[in-house]
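J.: I'd like to ask you about the structure that follows.
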Amino acid sequence: MTDLLIKLIPLFPLLAVILNGFVGRRYSHDVAHRLAWGSVGLSFLCTVGVFADILRTGTPHEVIAYQWIFGGDLTINLAYLVDPLTCIMLLVVTGVGLLIHVYSVGYMHGEDGFTRFFTYMNLFMVSMLLLVMGNNYVVLFIGWEGVGLCSYLLIGYYYDKVSAAKAASKAFVVNRIGDAGFLLAIFLIFINFKTLDYTKVFAQVSQLSPEMATAIALCLLVGAVGKSAQLPLYTWLPDAMEGPTPVSALIHAATMVTAGVYMIVRNHAIFDLSPTAMTIVGVIGGLTALFAATIGLVQTDIKRVLAYSTVSQLGYMFLGCGIGAYTAAMFHLMTHAFFKALLFLTAGSVIHALSGEQDIRKMGGLSSKIPWTYRLFLIGTVAIAGIPPLAGFWSKDEILAHAFTHHHYLLYGMAAIGALLTSFYMFRLIYLTFYGTSRMDHHTEEHVHESPMVMVGPLMALGVLSILGGFLGFPPEHGWLHQFLVPVAGTGEEHDVSTGLVLMLMMIATGIALLGWASLTIFIA
Amino acid sequence: MGDYALLYILFAPFAGAIALIFVSNRQAMLVRGIAAGAALVSLLVSLYLFFAYNHMKGGFQFVQRFEWSRQLGISLHLGVDGIGTPLVLASSILLFAGIFVSWHIKDRTKEFYIWLLILAAATIGVFMSLDLFFLFFFYEMSVIPMYLLLGMWGSHTKKYNEMTDPDGLKQRDSVGFIFNFGSNSKEYAAMKLVLFLSAFAIVALMGILLIYKYSGLNTFDILVLREQAKLMNIPVLGTTLDKIIWLLIFFGFASIAPLWPLHSWSPVGHAAAPAATSMLHAGVLMKLGHFSIIRVAFEILPETTRELMPIAAVLCMFSIVYGGFVEFYAKDTKYVIGYSSSSHMGYVFLGMAALDYISLTGAVMYMFAHAMATGMLFAMAGWVYDQTHSRDIPSLGGLSNRMPFISGCFVVACMASIGVPGTVNFIAEVMIIVGSWNKYPFQVIVAVVGIVLTLAYLFKMMRGLFYGPMDQKYSHAHDAVAVADRLPLLIMITVSIGFFFFPMHLYYVVRSGVDPLIAKITRVVPVASQERETLGVKREARADSSPQNLAALPGDVLPLTPYASRSDQ
């Protein structure tokens, strides 16, 4: 039963792709969008079913959906592996994906390529699901390339805009640079293990020499860095904001860009063998978290601020991986998916209200005109800034605390400064957008309107998740999520950390967030 | 029809060409119909051939032999093995698609189709020849139609059209001064291509004749030669004869492949050729080079191949990287695709050079996959040219507004070309790279980086053609709407994607051809490296070893049991 559900998960969106792609022109937009979000909804239901089963039995499922290549010395199947890690990713991808699909119905209403948009979105869902469900590196790579392709198609959705076309090519090419590293990693794995199945590879992973483990880990890291927009391959992500806003929310915030983190966590057995590679992961993460936050301070485009913030937050996840806090990284991945999707979608709602204006210098005073958007944006901001008890606080604090208690003080320092800057630029964004006097031109101001229910509804759901999502990891290091992920991420070495130190670190983190806000109010005044 | 399948495939296009002679040029539909009918017969029988080929049995199947000259030892000996079968299929698919791609040719339609059919038939002939004489005969025969197809139905490059002085006369550059036409004209391209390929064909011919003479068997039959020819250890010019023959054959055939630095005819030729010709040319004609090297050099001179194949491993890197860089700066759509083809052929050479089961299987599958991908790209470049009369990327743009179908297919073709999962190119590329890693890790890294390069220029072209605001002067451009216009693209896309999802039959078929070959080549590795001086004695010792035993001997990797029994005669 569960095996059937697992096989069905990627099939529903695939069916929608085929229908919308080939005969989509023959029926109305209403049918097209119902097919699109309906299929994702069904996938979500299947995921919940699988999740319930895993929760009950605790055993991972391995399913072979299709025997693909089966030579004597080379066997590759379309095989799925659903374990707790995959479950978390599946829930995030289908859950957040469903909300964003519903939101898109309102946002893309009346656009020319409405059906085309949903075809690409569903194709993205299929690829992303393959990426997280694959039980070998080839399926992972198929999904990996598929999401890259869909990202390309969706960034270039407004194909008559030169900037969009350029951004699309740039995103794909930069991603492919990372993919070259990833491909090499796959070859190295094949050469060493003569197989590409996760279970077999991880079973024999201890036979690797440290040098080879470092080489494989670094090649994997190149792939992850490209996909997750880390230094030095981060440049494509801000440009990718040329795509429609739901795309930015789904692909460039919640799901695709986190694939790199997922891949590192999935391969943590290899990374664990190589302290060098781990250090590099951590340093790249820390530098990106800090560096992208400084750029975010001075951006004037609402979506680009959020894009740099995404790069920065992904840096935290990499930092978490680099110090061995895999559960914390996954936790942050999950909460980030909630609040960043919320922020992007509310930003889309703002843009929608202002007839396409994205420059925050031409906004201001919107809090009374679009109250729901404002409230939800505020929730997202408080969540990302790390103010308790919202989601971002718990996950970010866990990474910071882990860095401190494991004596990575330099990384802790970078992350702490990054957190200060995060709070600063996010509150800057909210002040410039929603407070103060209006700087809109008269024509735009007349048309300001709250978004329709089909858009606000998903936002509310995301808002609730952003508020409550953090409690999945409560109490820190011993929450439900940690217990759930133990089979994959391990328990980690037991560390004698006094409760007092943990509480103090929490207070410092809260203090940093509030300091960012306070310094902004002083700066603005 | 079973046994005569090869004859149908080979002679259907010839019969079509002969039938066309008796049709008036004014009956354009009839002309097209006959051409399409002939191609369809070929296509259907090749499909039958592909699926009826027994990969469990392996070896040469559907063999036909007609004695031609007993004195000289020449016979029309046809047969396909696992390497030839997919290439025959690729040729007939591209021929069928090419007929429809050139549906709108108005100028001398009949003659165009006659030459196109002859071109394709000759190509198919090479893939099924088991006789060196006829292999060379068909090889040369495929070059000649190119001259006419380029010279008459081709197009000049942009520079040529600009090179007009105020008096309206064509200005001549230095090359044009000698030959009395501009070096950017289609006539120049046609001449360069034919002279270049013919010159190198002579080099290969020398190799073939040396084999014929020094084997002393008085036969051109590859099956006899590969078992009995003793060409090793005959000292000539300070080296041995087999090396000289091998080099002559390798470089003679590598020119059409085209291996760097023998590639310069290829982009020029592609750019000038009409769409269908480019398709056949890049799709299958280039593979004649690899195929002939495999069929002649690998089969007849296995030991020499093992010694000298590293040459290809070195040169293929230049092919991959050089092609990639040139393309990145090319402004002409067909130049970009042409250089991309020559860059991709570097991957095939890499797969061949590693002499590994997986990598050579990958190389053959890549030839098949690349035929589809590049066929699509050329077909669409041709369509864009027909609609806009421009191949200049900077002056084009925004066409996806006018041609959504073509731009959609173009994305698929680009993805296929760079080997994104979802197309059979991916499988082939991965196999080449995985197979070559042990022997040539450096080349593999270059190849993987080369993929990024390929992607950069293809996407640059994609963006240049289809994205951005549309120029009003192209507002009359049409999408491919009619079935005849869409059919070729859909066929090629279906094949490319279909074999990704169901690769096993193709894999087994190719593998059945590759296994005995590699077993034969790699089998003697320890002998050659340790006891070179006693090689002659060793060869004597195994001269009577039957082919059945060859594959069963321990090599690097044991071949799969199904292919171990190989029966040719």
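Residues are named by chain letter and number: chains run A, B, ... in the order of the structure tokens, numbers start at 1 in each chain, and ligands are numbered from 1 in the order shown.
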I need the residues of segment 76-222 of chain B that end up classed as strand (DSSP E or B) by DSSP on the backbone, written out as a list in words.
T.: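 These are the residues in question: Leu76, His77, Leu78, Gly79, Val80, Ser129, Asp131, Thr164, Lys170 and Asp221 of chain B.
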J.: Can you spit out the residues from that selection as a compact mmCIF listing (two decimals), in the first residue's frame, using C-alpha atoms?
T.:
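Output (out-v5.txt):
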```txt
# COMPACT_ATOMS: atom_id res chain seq x y z
CA LEU B 76 29.35 -6.99 -52.30
CA HIS B 77 29.30 -8.34 -48.80
CA LEU B 78 26.68 -6.77 -46.59
CA GLY B 79 25.94 -7.39 -42.96
CA VAL B 80 25.31 -5.50 -39.74
CA SER B 129 29.63 -3.02 -45.87
CA ASP B 131 34.07 -5.51 -47.81
CA THR B 164 29.60 43.90 -52.41
CA LYS B 170 31.33 40.94 -55.49
CA ASP B 221 36.64 -9.10 -47.16
```
J.: Within 9 Å of chain B, which residues belong to chain A? Use only C-alpha atoms and report them as a ChimeraX atom specification.
T.: /A:68-74,138,141-143,145-146,149,156,158-166,168-170,172-174,176-177,179-181,183-184,187-188,190-191
J.: From a DSSP calculation on the backbone, collect every residue of segment 376-469 of chain A in alpha helix (DSSP H) and output the set as a PyMOL selection string.
T.: chain A and resi 376-385+391-405+409-434+442-446+453-468
J.: I'd like the interatomic distance between atom CA of Leu490 of chain B and atom CA of Val384 of chain B, to a tenth of an Å.
T.: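 Atom CA of Leu490 of chain B sits 16.8 Å away from atom CA of Val384 of chain B.
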J.: So, with only C-alpha atoms as the atoms that count, which of B:Val284, B:Leu301, B:Leu72, B:Ala28 lies closest to Lys213 of chain B?
T.: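 Once distances to Lys213 of chain B are computed over only C-alpha atoms, the minimum belongs to B:Leu72.
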J.: Leaving out Thr494 of chain B and any residue of its chain fewer than 5 positions from it, which residues lie within 10 Å of it when counting only C-alpha atoms, given as a PyMOL selection string?
T.: chain B and resi 372+423+488-489+499-500
J.: One decimal, in Å: what's the spacing between atom CA of Ser436 of chain B and atom CA of Ala354 of chain B?
T.: 5.1 Å
